[in-house]
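Engineer: Provided herewith: model.cif, mmCIF, C-alpha atoms.
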```cif
data_coords
loop_
_atom_site.group_PDB
_atom_site.id
_atom_site.type_symbol
_atom_site.label_atom_id
_atom_site.label_comp_id
_atom_site.auth_asym_id
_atom_site.auth_seq_id
_atom_site.Cartn_x
_atom_site.Cartn_y
_atom_site.Cartn_z
ATOM 1 C CA MET X 971 -16.401 24.074 98.744
ATOM 2 C CA HIS X 972 -19.964 24.015 97.580
ATOM 3 C CA ASN X 973 -20.514 20.358 98.178
ATOM 4 C CA LEU X 974 -23.574 18.661 99.498
ATOM 5 C CA SER X 975 -23.619 14.997 100.417
ATOM 6 C CA GLU X 976 -26.128 12.733 98.723
ATOM 7 C CA LEU X 977 -28.333 12.872 101.822
ATOM 8 C CA GLN X 978 -28.118 16.681 102.036
ATOM 9 C CA GLN X 979 -29.100 16.948 98.341
ATOM 10 C CA ASP X 980 -31.963 14.523 98.889
ATOM 11 C CA ALA X 981 -33.195 16.594 101.845
ATOM 12 C CA LEU X 982 -32.959 19.881 99.936
ATOM 13 C CA LEU X 983 -34.860 18.461 96.931
ATOM 14 C CA GLU X 984 -37.533 17.044 99.218
ATOM 15 C CA ILE X 985 -37.951 20.402 100.970
ATOM 16 C CA PHE X 986 -38.187 22.077 97.556
ATOM 17 C CA ASN X 987 -40.699 19.444 96.405
ATOM 18 C CA VAL X 988 -42.951 20.010 99.427
ATOM 19 C CA SER X 989 -42.728 23.789 98.938
ATOM 20 C CA ILE X 990 -43.683 23.590 95.255
ATOM 21 C CA GLY X 991 -46.447 21.125 96.125
ATOM 22 C CA ARG X 992 -48.098 23.754 98.281
ATOM 23 C CA ALA X 993 -47.708 26.351 95.536
ATOM 24 C CA ALA X 994 -49.159 23.960 92.945
ATOM 25 C CA SER X 995 -52.151 23.457 95.199
ATOM 26 C CA ALA X 996 -52.657 27.234 95.405
ATOM 27 C CA MET X 997 -52.304 27.495 91.632
ATOM 28 C CA SER X 998 -54.659 24.572 91.041
ATOM 29 C CA ASP X 999 -57.308 26.231 93.227
ATOM 30 C CA MET X 1000 -56.915 29.461 91.266
ATOM 31 C CA VAL X 1001 -57.300 27.910 87.805
ATOM 32 C CA SER X 1002 -59.580 24.994 88.757
ATOM 33 C CA GLU X 1003 -57.298 22.599 86.951
ATOM 34 C CA THR X 1004 -54.862 19.864 87.928
ATOM 35 C CA ILE X 1005 -51.212 20.860 87.827
ATOM 36 C CA ASN X 1006 -48.731 18.127 86.937
ATOM 37 C CA MET X 1007 -45.297 18.432 88.506
ATOM 38 C CA SER X 1008 -42.000 16.866 87.464
ATOM 39 C CA VAL X 1009 -39.454 15.437 89.863
ATOM 40 C CA PRO X 1010 -37.281 18.351 91.042
ATOM 41 C CA ALA X 1011 -33.591 18.664 90.150
ATOM 42 C CA MET X 1012 -30.629 20.728 91.345
ATOM 43 C CA GLN X 1013 -27.287 21.887 89.934
ATOM 44 C CA PHE X 1014 -24.495 24.244 90.921
ATOM 45 C CA LEU X 1015 -24.102 26.778 88.089
ATOM 46 C CA THR X 1016 -23.217 30.331 87.230
ATOM 47 C CA ARG X 1017 -26.176 32.614 86.604
ATOM 48 C CA LYS X 1018 -25.254 32.624 82.904
ATOM 49 C CA GLU X 1019 -25.329 28.809 82.720
ATOM 50 C CA ALA X 1020 -28.733 28.781 84.442
ATOM 51 C CA GLY X 1021 -30.024 31.289 81.867
ATOM 52 C CA ASP X 1022 -28.601 29.168 79.026
ATOM 53 C CA ILE X 1023 -30.458 26.093 80.277
ATOM 54 C CA LEU X 1024 -33.735 27.965 80.384
ATOM 55 C CA ASP X 1025 -33.102 29.434 76.907
ATOM 56 C CA LEU X 1026 -32.566 25.994 75.443
ATOM 57 C CA LYS X 1027 -36.017 24.855 76.492
ATOM 58 C CA GLY X 1028 -37.589 25.871 73.194
ATOM 59 C CA ARG X 1029 -35.713 29.138 72.650
ATOM 60 C CA ARG X 1030 -38.846 31.154 73.243
ATOM 61 C CA ARG X 1031 -39.399 34.425 74.951
ATOM 62 C CA ILE X 1032 -40.178 33.834 78.552
ATOM 63 C CA CYS X 1033 -42.434 35.676 80.914
ATOM 64 C CA SER X 1034 -41.270 35.437 84.491
ATOM 65 C CA VAL X 1035 -42.241 36.684 87.902
ATOM 66 C CA ALA X 1036 -39.330 36.847 90.338
ATOM 67 C CA GLN X 1037 -39.358 37.385 94.070
ATOM 68 C CA GLY X 1038 -36.274 37.656 96.248
ATOM 69 C CA PHE X 1039 -36.075 36.220 99.759
ATOM 70 C CA ALA X 1040 -33.497 36.858 102.445
ATOM 71 C CA GLY X 1041 -32.841 35.293 105.823
ATOM 72 C CA SER X 1042 -29.758 33.459 107.066
ATOM 73 C CA PHE X 1043 -29.474 32.408 103.427
ATOM 74 C CA SER X 1044 -30.983 34.173 100.476
ATOM 75 C CA GLY X 1045 -32.025 33.710 96.901
ATOM 76 C CA GLU X 1046 -34.661 34.339 94.333
ATOM 77 C CA ALA X 1047 -37.767 32.337 93.450
ATOM 78 C CA VAL X 1048 -38.879 32.618 89.823
ATOM 79 C CA LEU X 1049 -42.113 31.447 88.206
ATOM 80 C CA MET X 1050 -41.711 31.241 84.436
ATOM 81 C CA PHE X 1051 -43.709 30.252 81.384
ATOM 82 C CA PRO X 1052 -43.686 31.044 77.634
ATOM 83 C CA GLU X 1053 -44.666 34.642 76.954
ATOM 84 C CA GLU X 1054 -47.428 33.646 74.523
ATOM 85 C CA ASN X 1055 -49.254 31.855 77.368
ATOM 86 C CA SER X 1056 -49.106 34.639 79.920
ATOM 87 C CA LEU X 1057 -52.409 36.241 78.962
ATOM 88 C CA GLU X 1058 -54.151 32.862 78.960
ATOM 89 C CA ILE X 1059 -52.802 32.042 82.405
ATOM 90 C CA VAL X 1060 -54.000 35.396 83.710
ATOM 91 C CA ARG X 1061 -57.399 34.679 82.148
ATOM 92 C CA MET X 1062 -57.557 31.252 83.744
ATOM 93 C CA MET X 1063 -56.670 32.685 87.103
ATOM 94 C CA LEU X 1064 -58.991 35.643 87.076
ATOM 95 C CA GLY X 1065 -61.794 33.753 85.352
ATOM 96 C CA SER X 1066 -64.749 35.885 84.452
ATOM 97 C CA THR X 1067 -64.250 38.374 87.258
ATOM 98 C CA ILE X 1068 -62.562 40.869 84.947
ATOM 99 C CA PRO X 1069 -63.882 41.760 81.476
ATOM 100 C CA LEU X 1070 -61.672 40.507 78.647
ATOM 101 C CA ALA X 1071 -61.113 44.034 77.354
ATOM 102 C CA HIS X 1072 -59.411 44.975 80.593
ATOM 103 C CA LEU X 1073 -57.262 41.877 80.795
ATOM 104 C CA THR X 1074 -54.427 43.096 78.579
ATOM 105 C CA GLU X 1075 -54.004 46.336 80.430
ATOM 106 C CA LEU X 1076 -54.181 44.453 83.711
ATOM 107 C CA GLU X 1077 -51.848 41.685 82.553
ATOM 108 C CA GLN X 1078 -48.745 42.985 84.283
ATOM 109 C CA ASP X 1079 -50.644 43.668 87.468
ATOM 110 C CA ALA X 1080 -52.337 40.266 87.376
ATOM 111 C CA LEU X 1081 -49.059 38.442 86.730
ATOM 112 C CA ASN X 1082 -47.598 40.217 89.722
ATOM 113 C CA GLU X 1083 -50.457 38.961 91.844
ATOM 114 C CA VAL X 1084 -50.254 35.433 90.462
ATOM 115 C CA GLY X 1085 -46.523 35.424 91.163
ATOM 116 C CA ASN X 1086 -47.109 36.826 94.609
ATOM 117 C CA ILE X 1087 -49.507 34.018 95.567
ATOM 118 C CA ILE X 1088 -47.517 31.177 94.021
ATOM 119 C CA LEU X 1089 -44.057 32.312 95.082
ATOM 120 C CA ASN X 1090 -45.080 33.329 98.578
ATOM 121 C CA SER X 1091 -46.691 29.961 99.020
ATOM 122 C CA CYS X 1092 -43.383 28.293 98.001
ATOM 123 C CA ILE X 1093 -41.187 30.587 100.056
ATOM 124 C CA SER X 1094 -43.323 30.306 103.176
ATOM 125 C CA ALA X 1095 -43.320 26.487 102.985
ATOM 126 C CA PHE X 1096 -39.544 26.599 102.475
ATOM 127 C CA ALA X 1097 -39.199 28.901 105.504
ATOM 128 C CA ASP X 1098 -41.476 26.737 107.690
ATOM 129 C CA ILE X 1099 -39.529 23.571 107.009
ATOM 130 C CA PHE X 1100 -36.180 25.286 107.582
ATOM 131 C CA HIS X 1101 -37.535 27.103 110.680
ATOM 132 C CA GLU X 1102 -36.354 30.308 109.021
ATOM 133 C CA GLN X 1103 -37.882 33.696 108.597
ATOM 134 C CA PHE X 1104 -37.411 35.272 105.171
ATOM 135 C CA ASP X 1105 -37.947 38.853 104.153
ATOM 136 C CA THR X 1106 -39.335 38.925 100.628
ATOM 137 C CA THR X 1107 -39.106 41.594 97.949
ATOM 138 C CA LEU X 1108 -42.089 42.592 95.841
ATOM 139 C CA PRO X 1109 -42.588 40.369 92.795
ATOM 140 C CA GLU X 1110 -41.088 41.665 89.577
ATOM 141 C CA VAL X 1111 -42.412 40.736 86.124
ATOM 142 C CA ARG X 1112 -39.769 40.280 83.414
ATOM 143 C CA VAL X 1113 -40.226 39.365 79.763
ATOM 144 C CA GLY X 1114 -37.346 38.252 77.586
ATOM 145 C CA SER X 1115 -34.857 35.448 77.116
ATOM 146 C CA GLY X 1116 -34.103 32.817 79.739
ATOM 147 C CA MET X 1117 -31.086 34.899 80.718
ATOM 148 C CA GLU X 1118 -33.275 37.910 81.369
ATOM 149 C CA ALA X 1119 -35.779 35.763 83.240
ATOM 150 C CA VAL X 1120 -33.135 34.841 85.788
ATOM 151 C CA GLY X 1121 -31.909 38.432 85.986
ATOM 152 C CA VAL X 1122 -28.553 38.052 84.264
ATOM 153 C CA ASN X 1123 -26.742 41.250 83.461
ATOM 154 C CA ALA X 1124 -23.051 41.628 82.612
ATOM 155 C CA GLU X 1125 -21.978 42.005 86.255
ATOM 156 C CA ARG X 1126 -23.885 38.989 87.554
ATOM 157 C CA GLN X 1127 -23.112 36.498 84.757
ATOM 158 C CA GLN X 1128 -20.419 34.680 86.681
ATOM 159 C CA ASP X 1129 -22.199 34.700 90.058
ATOM 160 C CA GLY X 1130 -22.453 31.141 91.328
ATOM 161 C CA VAL X 1131 -25.944 29.917 92.158
ATOM 162 C CA LEU X 1132 -27.550 26.746 93.374
ATOM 163 C CA PHE X 1133 -30.170 26.127 90.687
ATOM 164 C CA LEU X 1134 -33.248 24.193 91.870
ATOM 165 C CA HIS X 1135 -35.912 23.653 89.249
ATOM 166 C CA ILE X 1136 -39.177 21.833 88.718
ATOM 167 C CA GLN X 1137 -41.394 21.713 85.660
ATOM 168 C CA PHE X 1138 -45.146 22.068 85.896
ATOM 169 C CA GLY X 1139 -47.930 21.742 83.363
ATOM 170 C CA PHE X 1140 -51.659 22.393 83.244
ATOM 171 C CA GLN X 1141 -53.323 19.079 82.612
ATOM 172 C CA ARG X 1142 -56.002 20.135 80.107
ATOM 173 C CA ARG X 1143 -54.095 22.875 78.284
ATOM 174 C CA HIS X 1144 -50.707 22.520 76.707
ATOM 175 C CA ILE X 1145 -49.000 25.074 78.865
ATOM 176 C CA GLU X 1146 -45.818 24.264 80.703
ATOM 177 C CA GLY X 1147 -43.690 26.360 82.950
ATOM 178 C CA TYR X 1148 -40.984 26.234 85.561
ATOM 179 C CA VAL X 1149 -40.472 27.229 89.123
ATOM 180 C CA VAL X 1150 -36.821 27.947 89.729
ATOM 181 C CA PHE X 1151 -34.997 28.785 92.948
ATOM 182 C CA LEU X 1152 -31.608 30.490 92.568
ATOM 183 C CA MET X 1153 -29.775 30.337 95.864
ATOM 184 C CA ASP X 1154 -26.935 32.793 96.402
ATOM 185 C CA MET X 1155 -23.596 31.163 97.103
ATOM 186 C CA PRO X 1156 -22.226 33.589 99.748
ATOM 187 C CA ALA X 1157 -24.744 32.240 102.252
ATOM 188 C CA PHE X 1158 -24.246 28.641 101.172
ATOM 189 C CA ALA X 1159 -22.759 27.571 104.509
ATOM 190 C CA ASN X 1160 -25.950 28.769 106.241
ATOM 191 C CA LEU X 1161 -28.101 26.815 103.810
ATOM 192 C CA ARG X 1162 -26.055 23.691 104.539
ATOM 193 C CA THR X 1163 -26.457 24.305 108.277
ATOM 194 C CA GLY X 1164 -30.215 24.562 107.724
ATOM 195 C CA ILE X 1165 -30.263 21.258 105.836
ATOM 196 C CA ASP X 1166 -28.218 19.594 108.591
ATOM 197 C CA ARG X 1167 -30.629 20.934 111.203
ATOM 198 C CA PHE X 1168 -33.501 19.388 109.223
ATOM 199 C CA LEU X 1169 -31.617 16.077 108.934
ATOM 200 C CA GLY X 1170 -30.828 16.217 112.653
ATOM 201 C CA LEU X 1171 -34.561 15.911 113.315
ATOM 202 C CA ILE X 1172 -34.470 12.329 112.075
ATOM 203 C CA PRO X 1173 -34.148 10.133 115.146
ATOM 204 C CA GLY X 1174 -30.917 8.176 115.068
ATOM 205 C CA ASN X 1175 -29.409 10.399 112.355
ATOM 206 C CA PRO X 1176 -26.531 12.604 113.520
ATOM 207 C CA GLY X 1177 -27.448 15.164 110.821
ATOM 208 C CA MET H 446 -47.232 -11.692 113.810
ATOM 209 C CA SER H 447 -45.431 -8.357 113.451
ATOM 210 C CA THR H 448 -47.007 -5.667 111.318
ATOM 211 C CA GLN H 449 -45.198 -5.358 107.987
ATOM 212 C CA VAL H 450 -44.789 -1.819 106.645
ATOM 213 C CA LEU H 451 -43.633 -0.838 103.139
ATOM 214 C CA ILE H 452 -42.387 2.743 102.706
ATOM 215 C CA VAL H 453 -42.403 3.928 99.078
ATOM 216 C CA ASP H 454 -40.691 7.261 98.417
ATOM 217 C CA ASP H 455 -37.940 8.381 96.027
ATOM 218 C CA SER H 456 -36.496 10.549 98.796
ATOM 219 C CA LYS H 457 -34.223 8.627 101.128
ATOM 220 C CA VAL H 458 -34.650 11.346 103.755
ATOM 221 C CA SER H 459 -38.409 10.901 103.660
ATOM 222 C CA ARG H 460 -38.082 7.135 104.022
ATOM 223 C CA MET H 461 -35.756 7.597 106.997
ATOM 224 C CA LEU H 462 -38.147 10.062 108.643
ATOM 225 C CA ILE H 463 -41.226 7.873 108.187
ATOM 226 C CA LYS H 464 -39.442 4.756 109.405
ATOM 227 C CA ALA H 465 -37.921 6.442 112.476
ATOM 228 C CA MET H 466 -41.191 8.100 113.488
ATOM 229 C CA MET H 467 -43.251 4.921 113.031
ATOM 230 C CA ALA H 468 -40.679 2.808 114.844
ATOM 231 C CA ALA H 469 -40.957 5.220 117.775
ATOM 232 C CA HIS H 470 -44.640 4.151 118.098
ATOM 233 C CA HIS H 471 -44.037 0.480 117.351
ATOM 234 C CA PRO H 472 -40.441 -0.743 117.682
ATOM 235 C CA ASP H 473 -41.639 -4.275 116.856
ATOM 236 C CA TRP H 474 -42.956 -3.414 113.372
ATOM 237 C CA LEU H 475 -41.008 -4.629 110.322
ATOM 238 C CA PHE H 476 -40.059 -2.094 107.664
ATOM 239 C CA ALA H 477 -39.236 -2.505 103.980
ATOM 240 C CA GLU H 478 -38.444 0.358 101.616
ATOM 241 C CA ALA H 479 -38.789 1.022 97.876
ATOM 242 C CA ASP H 480 -37.715 4.137 95.957
ATOM 243 C CA SER H 481 -40.249 3.728 93.128
ATOM 244 C CA GLY H 482 -43.723 2.364 92.439
ATOM 245 C CA ASP H 483 -42.268 -0.345 90.201
ATOM 246 C CA LYS H 484 -39.915 -1.584 92.912
ATOM 247 C CA ALA H 485 -42.755 -1.557 95.429
ATOM 248 C CA LEU H 486 -44.857 -3.803 93.170
ATOM 249 C CA LEU H 487 -41.898 -6.086 92.618
ATOM 250 C CA TRP H 488 -41.331 -6.435 96.374
ATOM 251 C CA LEU H 489 -45.025 -7.032 96.965
ATOM 252 C CA ALA H 490 -45.084 -9.859 94.430
ATOM 253 C CA GLY H 491 -43.282 -12.007 97.008
ATOM 254 C CA ASN H 492 -44.207 -10.460 100.330
ATOM 255 C CA HIS H 493 -47.177 -9.765 102.565
ATOM 256 C CA VAL H 494 -47.885 -6.182 103.656
ATOM 257 C CA ASP H 495 -50.167 -4.587 106.255
ATOM 258 C CA LEU H 496 -49.404 -0.881 105.860
ATOM 259 C CA VAL H 497 -48.014 1.008 102.854
ATOM 260 C CA THR H 498 -46.949 4.671 102.818
ATOM 261 C CA MET H 499 -46.797 5.925 99.242
ATOM 262 C CA ASP H 500 -45.352 9.117 97.756
ATOM 263 C CA VAL H 501 -47.061 10.421 94.581
ATOM 264 C CA ASN H 502 -44.467 12.416 92.681
ATOM 265 C CA MET H 503 -41.755 9.846 91.814
ATOM 266 C CA PRO H 504 -39.717 9.003 88.717
ATOM 267 C CA GLY H 505 -41.468 6.347 86.605
ATOM 268 C CA MET H 506 -44.860 5.157 87.761
ATOM 269 C CA SER H 507 -46.982 7.632 89.750
ATOM 270 C CA GLY H 508 -47.640 6.671 93.355
ATOM 271 C CA LEU H 509 -51.372 6.879 92.667
ATOM 272 C CA ASP H 510 -51.126 4.255 89.901
ATOM 273 C CA ALA H 511 -48.961 2.063 92.106
ATOM 274 C CA ALA H 512 -51.471 2.409 94.974
ATOM 275 C CA GLU H 513 -54.316 1.412 92.676
ATOM 276 C CA GLN H 514 -52.502 -1.772 91.652
ATOM 277 C CA ILE H 515 -51.596 -2.604 95.249
ATOM 278 C CA LYS H 516 -55.208 -2.064 96.312
ATOM 279 C CA ALA H 517 -56.353 -4.506 93.610
ATOM 280 C CA ARG H 518 -53.867 -7.220 94.625
ATOM 281 C CA HIS H 519 -53.689 -6.673 98.401
ATOM 282 C CA ALA H 520 -57.208 -5.614 99.310
ATOM 283 C CA GLY H 521 -56.539 -5.799 103.051
ATOM 284 C CA ALA H 522 -53.528 -3.475 103.011
ATOM 285 C CA PHE H 523 -53.874 -0.026 104.557
ATOM 286 C CA ILE H 524 -52.428 2.478 102.064
ATOM 287 C CA ALA H 525 -51.477 5.997 103.165
ATOM 288 C CA MET H 526 -50.617 8.403 100.340
ATOM 289 C CA MET H 527 -48.040 10.852 101.711
ATOM 290 C CA THR H 528 -47.415 13.579 99.224
ATOM 291 C CA ALA H 529 -46.342 17.148 98.645
ATOM 292 C CA ASN H 530 -48.902 17.164 95.842
ATOM 293 C CA VAL H 531 -51.742 18.443 98.028
ATOM 294 C CA GLN H 532 -54.058 19.509 95.202
ATOM 295 C CA SER H 533 -57.753 18.679 95.460
ATOM 296 C CA SER H 534 -57.519 16.521 92.334
ATOM 297 C CA THR H 535 -54.875 14.327 93.988
ATOM 298 C CA ARG H 536 -57.020 13.991 97.113
ATOM 299 C CA GLN H 537 -60.033 13.075 94.963
ATOM 300 C CA ARG H 538 -58.093 10.435 93.039
ATOM 301 C CA ALA H 539 -56.867 8.964 96.338
ATOM 302 C CA GLU H 540 -60.464 8.852 97.535
ATOM 303 C CA GLN H 541 -61.597 7.116 94.318
ATOM 304 C CA ILE H 542 -58.902 4.474 94.685
ATOM 305 C CA GLY H 543 -59.931 4.025 98.306
ATOM 306 C CA VAL H 544 -56.661 5.002 99.977
ATOM 307 C CA HIS H 545 -55.965 7.510 102.748
ATOM 308 C CA PHE H 546 -54.440 10.896 101.964
ATOM 309 C CA PHE H 547 -51.873 12.782 104.053
ATOM 310 C CA GLY H 548 -50.012 15.953 103.021
ATOM 311 C CA LYS H 549 -46.275 16.384 103.407
ATOM 312 C CA PRO H 550 -44.153 17.628 105.146
ATOM 313 C CA ILE H 551 -43.734 14.514 107.234
ATOM 314 C CA THR H 552 -44.306 15.373 110.877
ATOM 315 C CA GLU H 553 -44.736 13.322 114.020
ATOM 316 C CA ASP H 554 -48.349 14.429 114.108
ATOM 317 C CA ILE H 555 -49.046 13.075 110.599
ATOM 318 C CA ILE H 556 -47.310 9.781 111.386
ATOM 319 C CA ALA H 557 -49.309 9.478 114.629
ATOM 320 C CA GLN H 558 -52.522 9.993 112.620
ATOM 321 C CA ILE H 559 -51.546 7.271 110.130
ATOM 322 C CA VAL H 560 -50.683 4.818 112.914
ATOM 323 C CA LYS H 561 -53.941 5.555 114.731
ATOM 324 C CA ARG H 562 -56.099 5.131 111.632
ATOM 325 C CA PHE H 563 -54.325 1.918 110.758
ATOM 326 C CA GLU H 564 -54.859 0.597 114.295
ATOM 327 C CA ASP H 565 -58.519 1.664 114.283
ATOM 328 C CA GLU H 566 -59.107 -0.224 111.043
ATOM 329 C CA HIS H 567 -57.248 -3.299 112.217
ATOM 330 C CA ALA H 568 -58.588 -3.349 115.789
#
```
Kindly present the structure from the file in structure tokens form.

Structural biologist:
Amino acid sequence: MHNLSELQQDALLEIFNVSIGRAASAMSDMVSETINMSVPAMQFLTRKEAGDILDLKGRRRICSVAQGFAGSFSGEAVLMFPEENSLEIVRMMLGSTIPLAHLTELEQDALNEVGNIILNSCISAFADIFHEQFDTTLPEVRVGSGMEAVGVNAERQQDGVLFLHIQFGFQRRHIEGYVVFLMDMPAFANLRTGIDRFLGLIPGNPG
Amino acid sequence: MSTQVLIVDDSKVSRMLIKAMMAAHHPDWLFAEADSGDKALLWLAGNHVDLVTMDVNMPGMSGLDAAEQIKARHAGAFIAMMTANVQSSTRQRAEQIGVHFFGKPITEDIIAQIVKRFEDEHA
């Protein structure tokens, strides 16, 4: 059964929150702007249901950067925002270091790099807290529906995932996005063991 | 009189960690907990506090806003912001309000730093 107790869920969300906090700090340094973060949330879903949720948030085309991670448990971290904002985000992040004329042709490359910095920052914080070591894949830029953003094809639609998500926004510009973690279910028992190990660190708590 | 601590965090795990690690330094301290800024202010309306640990990213009122109000009403309280939101802007706001800033994750080292600073200020 894919159950987590209230305390295990609380611990997982807190670990996710700390991980995203570090990534938001990296992003904030890159764009010289404050990043607002929502309170994180989690659900057990199929990949298709996760895609549907992301599609419903405005039904816009989404630009995403996804990076897989694998250790004793595995999953995928995805940074996503509306496609129409992707060039602006790249501009904010690269500032005046690259001439505007080159930005469009470099967009894909720049998004990859942005994703690499943000997602690695999240994944490494996640790994540190869990005392895990994750191998990561190279970031992959995808543009399309929410379904495509979370990598749903016909074979993977019914795959169960643990869907962790947090919303972020740039304070001065009206751009909002999401960071989503999709945790694979086959390694769920290992994830739960990791959470229990973390809880076991609390003095007086059996974990 | 025992030192009164108020731990404000929407994560129960975080509250447990902070309390257990602080109690390891000072078993005689008294601990109260609140899972939101609003509840913290409500509790403080009828209680004295010496040390507050405050999360930032919580449902409802931001921990920074709550800290600002506590600072105004309980000038002598030592307030330690403990947050995953480690951006420079959050640090700056904490500085403006006049509270101490500590980044999460919660570790024994961070808790030891908070306890030491509190003791230095109240020596």

Engineer: Out of X:Asn1082, X:Ser1115, X:Asn1160, X:Gln1141, which residue has the shortest atom-to-atom distance to chain H when counting only C-alpha atoms?

Structural biologist: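 The closest residue to chain H is X:Gln1141.
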
Engineer: I'd like to know which of H:Asp473, H:Asp495, H:Glu566, H:Asp500 is closest to chain X, using only C-alpha atoms.

Structural biologist: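 Comparing H:Asp473, H:Asp495, H:Glu566, H:Asp500 against chain X, the winner is H:Asp500.
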
Engineer: Considering all atoms listed in the file, return as number ranges by chain whatever protein or nucleic-acid residues lie within 9 Å of Leu1024 (chain X), sequence-local ones (same chain, fewer than 4 positions apart) excluded.

Structural biologist: X: 1019-1020, 1028-1029, 1032, 1115-1117, 1119-1120

Engineer: Select, as a ChimeraX atom specification, those residues of chain H with any atom no more than 8 Å from chain X (distances computed using all atoms listed in the file).

Structural biologist: /H:456-459,461-462,465-466,502-504,528-534,549-550

Engineer: Quote the spacing between CA of Lys516 (chain H) and CA of Gln1137 (chain X) in Å to one decimal place.

Structural biologist: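 Pair CA of Lys516 (chain H) / CA of Gln1137 (chain X) returns 29.5 Å.
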
Engineer: Would you write out, as a PyMOL selection string, every residue that the PyMOL selection byres ((chain X and resi 1048) around 8) captures in this file?

Structural biologist: chain X and resi 1034-1037+1046-1047+1049-1050+1089+1119-1120+1148-1151

Engineer: Which neighbours of Leu1152 (chain X) fall inside 7 Å, counting all atoms listed in the file, when residues of the same chain fewer than 6 positions from it are skipped, and could you give them as a list of chain:residue names?

Structural biologist: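 Once the adjacent positions are removed, what remains is X:Gly1045, X:Glu1046, X:Ala1047, X:Val1131, X:Leu1132, X:Phe1133, X:Leu1134.
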
Engineer: I need the chosen residues saved as a JSON list (two decimals), in the frame of the given file, with C-alpha atoms.

Structural biologist:
```
[["chain", "number", "residue", "atom", "x", "y", "z"],
["X", 1045, "GLY", "CA", -32.02, 33.71, 96.90],
["X", 1046, "GLU", "CA", -34.66, 34.34, 94.33],
["X", 1047, "ALA", "CA", -37.77, 32.34, 93.45],
["X", 1131, "VAL", "CA", -25.94, 29.92, 92.16],
["X", 1132, "LEU", "CA", -27.55, 26.75, 93.37],
["X", 1133, "PHE", "CA", -30.17, 26.13, 90.69],
["X", 1134, "LEU", "CA", -33.25, 24.19, 91.87]]
```

Engineer: Out of H:Met467, H:Gln449, H:Asp454, H:Leu475, which residue has the shortest atom-to-atom distance to Thr552 (chain H) when counting all atoms listed in the file?

Structural biologist: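 Checking each of H:Met467, H:Gln449, H:Asp454, H:Leu475 against Thr552 (chain H), counting all atoms listed in the file, the winner is H:Met467.
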
Engineer: Would you mind reading off the distance between CA of Arg1112 (chain X) and CA of Gly1041 (chain X), one decimal, in Å?

Structural biologist: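 CA of Gly1041 (chain X) lies at a distance of 24.0 Å from CA of Arg1112 (chain X).
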
Engineer: Return as a list of chain:residue names the set of residues that the PyMOL selection byres ((chain H and resi 512) around 9) yields on the displayed structure.

Structural biologist: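 Taken on the displayed file, the PyMOL selection byres ((chain H and resi 512) around 9) yields the residues H:Gly482, H:Val497, H:Met499, H:Ser507, H:Gly508, H:Leu509, H:Asp510, H:Ala511, H:Glu513, H:Gln514, H:Ile515, H:Lys516, H:Ala517, H:Ile524, H:Ala525, H:Met526, H:Ala539, H:Ile542, H:Val544.
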
Engineer: Quick one: apply the PyMOL selection byres ((chain X and resi 1159) around 10) to the file and drop the selected residues here as a ChimeraX atom specification.

Structural biologist: /X:971-973,1042-1043,1155-1158,1160-1165

Engineer: Between CA of Asn1086 (chain X) and CA of Ile555 (chain H), measure the distance and give it in Å to one decimal.

Structural biologist: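 These two atoms are separated by 28.7 Å.
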
Engineer: Show me, as an NGL selection string, the residues that have an atom within 10 Å of Ala1097 (chain X) when counting all atoms listed in the file, minus same-chain residues fewer than 4 positions from it.

Structural biologist: :X and (985 or 989 or 1039 or 1041 or 1091-1093 or 1101-1104)

Engineer: Nearest residue to Val450 (chain H) out of H:His470, H:Lys484, H:Arg518, H:His493, using all atoms listed in the file?

Structural biologist: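 Going through H:His470, H:Lys484, H:Arg518, H:His493 one by one, the smallest distance to Val450 (chain H) is for H:His493.
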
Engineer: My structure is short of atoms at region 457-464 of chain H; please model N, CA and C atoms there, returning them as a short mmCIF file (atom, residue, chain, number, x, y, z; two decimals), keeping the file's coordinate frame.

Structural biologist:
```
data_model
loop_
_atom_site.label_atom_id
_atom_site.label_comp_id
_atom_site.auth_asym_id
_atom_site.auth_seq_id
_atom_site.Cartn_x
_atom_site.Cartn_y
_atom_site.Cartn_z
N LYS H 457 -34.74 9.46 100.05
CA LYS H 457 -34.22 8.63 101.13
C LYS H 457 -34.51 9.27 102.48
N VAL H 458 -34.39 10.61 102.51
CA VAL H 458 -34.65 11.35 103.76
C VAL H 458 -36.08 11.10 104.23
N SER H 459 -37.01 11.13 103.28
CA SER H 459 -38.41 10.90 103.66
C SER H 459 -38.60 9.49 104.20
N ARG H 460 -37.95 8.52 103.55
CA ARG H 460 -38.08 7.14 104.02
C ARG H 460 -37.52 7.00 105.44
N MET H 461 -36.37 7.66 105.66
CA MET H 461 -35.76 7.60 107.00
C MET H 461 -36.67 8.21 108.06
N LEU H 462 -37.26 9.37 107.69
CA LEU H 462 -38.15 10.06 108.64
C LEU H 462 -39.36 9.20 109.00
N ILE H 463 -40.01 8.66 107.96
CA ILE H 463 -41.23 7.87 108.19
C ILE H 463 -40.91 6.65 109.06
N LYS H 464 -39.82 5.97 108.68
CA LYS H 464 -39.44 4.76 109.40
C LYS H 464 -39.14 5.07 110.87
#
```
